[in-house]
Amino acid sequence: MRIGILQTGLAPEALAPEMGDYPDMFARLLDGHGFTFRTWKVVEGEFPASVRDADGWLITGSRHGVYEDHPWIAPLEQFIRDSFTARVPVVGICFGHQIVAQAMGGKVERYAGGWAVGATDYDFGGETLRLNAWHRDQVVQAPPGATVIASNDFCNNAALLYDDRALTVQAHPEFRPEFVDGLMKTRGKGLVPDEVMAEAAARLDLALQDKTMAGRIAAFFKEPRA
C-alpha cells in the first residue's frame with residue numbers, strides 16, 4: 001500500500017541531520033506495516049496531480065497555523081475535500097489534524113490555555129495512550145460528521161474520526177523524546193513558557209504508546225473500502 005506524505009512543515013535544520021525530517025519520522029513510526037511512501041512538499045507548493053496518486057494520504061505537522069495566509073493552504077483544503085469525495089483515506093497529525101477539521105467546516109484557533117508539550121495522556125474511549133505533543137493551536141469546534149475519539153482536560157478534540165475517510169490526531173506519535181528535547185532547545189526558547197518546557201523535560205523518560213497509535217493508523221489505512 002502506497003502512502004503519500006503531504007509535508008506541511010520542515011524539521012529544524014539543526015535536528016534533521018541526526019533525526020531526519022518529518023517524512024522520515026513517519027516511515028519509522030509505520031515501519032513493519034507493509035507501506036511504501038512518497039513525499040510531496042506541499043509547504044513548498046508541491047502537490048500530487050490527483051488524489052489517486054497514492055492509496056492513502058498522511059498530512060504532517062507544521063510550525064504554521066492553518067488559519068495563516070499561505071498560498072498552499074487553500075489548495076490543501078481542496079485536496080482534502082477531494083480525497084473525502086473519492087474516499088481515499090486521510091490521516092492528519094497535529095497541523096494535519098487541524099487542516100482536515102478546517103477544510104471540513106470545523107474551527108481552529110490559538111488556544112487561550114497555552115501550550116501542550118511532551119508526553120501527554122489522552123483518553124481514547126477508556127484506553128489511555130501517552131503520546132508526545134507540541135502545539136498551541138487546537139480544533140475548538142469539530143466539523144459536522146466528525147466523531148471525537150480522544151480527549152483530555154486540555155484538549156477536547158484530541159482525535160477525530162470521519163467514518164472511513166479520515167483519522168486525525170492532535171498529538172505527535174512520530175516524535176521521539178530526543179526530538180521533543182531538541183525542539184525545546186531550538187524552537188521552544190522564547191516561544192514556549194519556561195515552566196511548560198521544564199515540566200515536559202521531567203517527563204522525557206516516560207514510556208509512550210506510539211506503537212499502539214501506529215497500529216491504529218495502519219489499521220485505518222488498511223480498512224476495506226468500497
# chains A, B, ... in the order shown; residues from 1 in each chain; ligands from 1
$ residues_around --residues "range 191-201 of chain A" --least-positions-apart "2" --cutoff "9 Å" --atoms "only C-alpha atoms" --output "MDAnalysis selection string"
chainID A and resid 114:120 136 180:181 184 187:189 203:205
$ residues_around --residues "Ile99 in chain A" --least-positions-apart "6" --cutoff "8 Å" --atoms "only C-alpha atoms" --output "JSON, numbers by chain"
{"A": [66, 77, 92]}
$ atom_distance --atom1 "CA of Gln141 in chain A" --atom2 "CA of Leu160 in chain A"
11.1 Å
$ residues_around --residues "range 41-44 of chain A" --least-positions-apart "3" --cutoff "7 Å" --atoms "only C-alpha atoms" --output "list of chain:residue names"
A:Leu6, A:Gln7, A:Thr8, A:Gly9, A:Phe47, A:Trp72
$ write_last_selection --atoms "C-alpha atoms" --output "mmCIF file, in the first residue's frame"
data_model
loop_
_atom_site.group_PDB
_atom_site.id
_atom_site.type_symbol
_atom_site.label_atom_id
_atom_site.label_comp_id
_atom_site.auth_asym_id
_atom_site.auth_seq_id
_atom_site.Cartn_x
_atom_site.Cartn_y
_atom_site.Cartn_z
ATOM 1 C CA LEU A 6 1.871 15.655 2.369
ATOM 2 C CA GLN A 7 4.642 17.557 4.123
ATOM 3 C CA THR A 8 3.401 20.850 5.560
ATOM 4 C CA GLY A 9 6.461 21.813 7.604
ATOM 5 C CA PHE A 47 1.126 18.789 -4.834
ATOM 6 C CA TRP A 72 -0.694 26.328 -0.295
#
$ closest_residue --among "A:Ala150, A:Ala207, A:Ala142, A:Leu167" --to "Phe220 in chain A" --atoms "only C-alpha atoms"
A:Leu167
$ closest_residue --among "A:Gly106, A:Gly113, A:Pro23, A:Gly190" --to "Asp153 in chain A" --atoms "only C-alpha atoms"
A:Gly113
$ closest_residue --among "A:Met104, A:Ala202, A:Val90, A:Ala218" --to "Gly145 in chain A" --atoms "only C-alpha atoms"
A:Met104
$ decode --residues "range 189-226 of chain A" --atoms "N, CA and C atoms" --output "compact mmCIF listing (two decimals), in the first residue's frame"
# COMPACT_ATOMS: atom_id res chain seq x y z
N LYS A 189 12.60 28.07 23.11
CA LYS A 189 13.01 29.20 23.94
C LYS A 189 12.44 30.50 23.39
N GLY A 190 11.77 31.24 24.26
CA GLY A 190 11.14 32.49 23.86
C GLY A 190 9.77 32.31 23.26
N LEU A 191 9.37 31.06 23.02
CA LEU A 191 8.06 30.78 22.44
C LEU A 191 7.18 30.02 23.42
N VAL A 192 7.73 28.96 23.98
CA VAL A 192 7.01 28.15 24.96
C VAL A 192 7.44 28.60 26.36
N PRO A 193 6.48 28.81 27.28
CA PRO A 193 6.86 29.23 28.63
C PRO A 193 7.86 28.26 29.27
N ASP A 194 8.80 28.82 30.01
CA ASP A 194 9.86 28.00 30.62
C ASP A 194 9.30 26.90 31.51
N GLU A 195 8.22 27.21 32.25
CA GLU A 195 7.67 26.22 33.17
C GLU A 195 7.05 25.05 32.41
N VAL A 196 6.48 25.33 31.23
CA VAL A 196 5.92 24.25 30.42
C VAL A 196 7.04 23.34 29.91
N MET A 197 8.13 23.95 29.47
CA MET A 197 9.26 23.14 29.00
C MET A 197 9.91 22.37 30.13
N ALA A 198 9.99 22.96 31.31
CA ALA A 198 10.57 22.26 32.45
C ALA A 198 9.74 21.02 32.81
N GLU A 199 8.42 21.16 32.78
CA GLU A 199 7.55 20.02 33.07
C GLU A 199 7.71 18.94 31.99
N ALA A 200 7.81 19.38 30.72
CA ALA A 200 7.99 18.42 29.64
C ALA A 200 9.33 17.70 29.76
N ALA A 201 10.38 18.43 30.13
CA ALA A 201 11.70 17.83 30.29
C ALA A 201 11.68 16.75 31.37
N ALA A 202 10.90 16.96 32.42
CA ALA A 202 10.81 15.99 33.50
C ALA A 202 10.07 14.73 33.09
N ARG A 203 9.34 14.80 31.97
CA ARG A 203 8.57 13.63 31.50
C ARG A 203 9.21 12.93 30.31
N LEU A 204 10.40 13.33 29.93
CA LEU A 204 11.03 12.78 28.73
C LEU A 204 11.26 11.28 28.81
N ASP A 205 11.42 10.73 30.01
CA ASP A 205 11.73 9.31 30.15
C ASP A 205 10.49 8.43 30.30
N LEU A 206 9.29 9.03 30.27
CA LEU A 206 8.08 8.24 30.42
C LEU A 206 7.84 7.38 29.18
N ALA A 207 7.32 6.19 29.40
CA ALA A 207 7.00 5.29 28.28
C ALA A 207 5.86 5.86 27.45
N LEU A 208 5.97 5.72 26.14
CA LEU A 208 4.95 6.20 25.21
C LEU A 208 4.22 5.03 24.57
N GLN A 209 3.01 5.30 24.11
CA GLN A 209 2.24 4.30 23.38
C GLN A 209 2.21 4.65 21.88
N ASP A 210 3.37 5.09 21.36
CA ASP A 210 3.45 5.48 19.96
C ASP A 210 3.21 4.29 19.03
N LYS A 211 3.67 3.12 19.39
CA LYS A 211 3.47 1.95 18.55
C LYS A 211 2.00 1.52 18.53
N THR A 212 1.32 1.72 19.63
CA THR A 212 -0.12 1.45 19.65
C THR A 212 -0.85 2.38 18.70
N MET A 213 -0.46 3.66 18.71
CA MET A 213 -1.08 4.61 17.80
C MET A 213 -0.72 4.29 16.37
N ALA A 214 0.51 3.84 16.14
CA ALA A 214 0.92 3.44 14.79
C ALA A 214 0.05 2.30 14.29
N GLY A 215 -0.25 1.35 15.16
CA GLY A 215 -1.12 0.25 14.78
C GLY A 215 -2.51 0.70 14.41
N ARG A 216 -3.02 1.70 15.13
CA ARG A 216 -4.35 2.23 14.81
C ARG A 216 -4.34 2.94 13.46
N ILE A 217 -3.27 3.69 13.21
CA ILE A 217 -3.16 4.39 11.92
C ILE A 217 -3.08 3.38 10.78
N ALA A 218 -2.25 2.37 10.96
CA ALA A 218 -2.10 1.35 9.92
C ALA A 218 -3.41 0.62 9.66
N ALA A 219 -4.11 0.27 10.73
CA ALA A 219 -5.39 -0.43 10.58
C ALA A 219 -6.40 0.45 9.86
N PHE A 220 -6.39 1.74 10.14
CA PHE A 220 -7.31 2.65 9.46
C PHE A 220 -7.01 2.69 7.96
N PHE A 221 -5.75 2.83 7.61
CA PHE A 221 -5.39 2.87 6.19
C PHE A 221 -5.83 1.57 5.49
N LYS A 222 -5.72 0.45 6.17
CA LYS A 222 -5.96 -0.85 5.54
C LYS A 222 -7.43 -1.29 5.57
N GLU A 223 -8.30 -0.49 6.18
CA GLU A 223 -9.72 -0.86 6.21
C GLU A 223 -10.25 -1.10 4.80
N PRO A 224 -11.04 -2.16 4.60
CA PRO A 224 -11.68 -2.35 3.29
C PRO A 224 -12.63 -1.21 2.97
N ARG A 225 -12.53 -0.70 1.76
CA ARG A 225 -13.40 0.39 1.33
C ARG A 225 -14.00 0.06 -0.03
N ALA A 226 -15.22 0.54 -0.20
CA ALA A 226 -15.91 0.27 -1.48
C ALA A 226 -15.18 1.00 -2.61
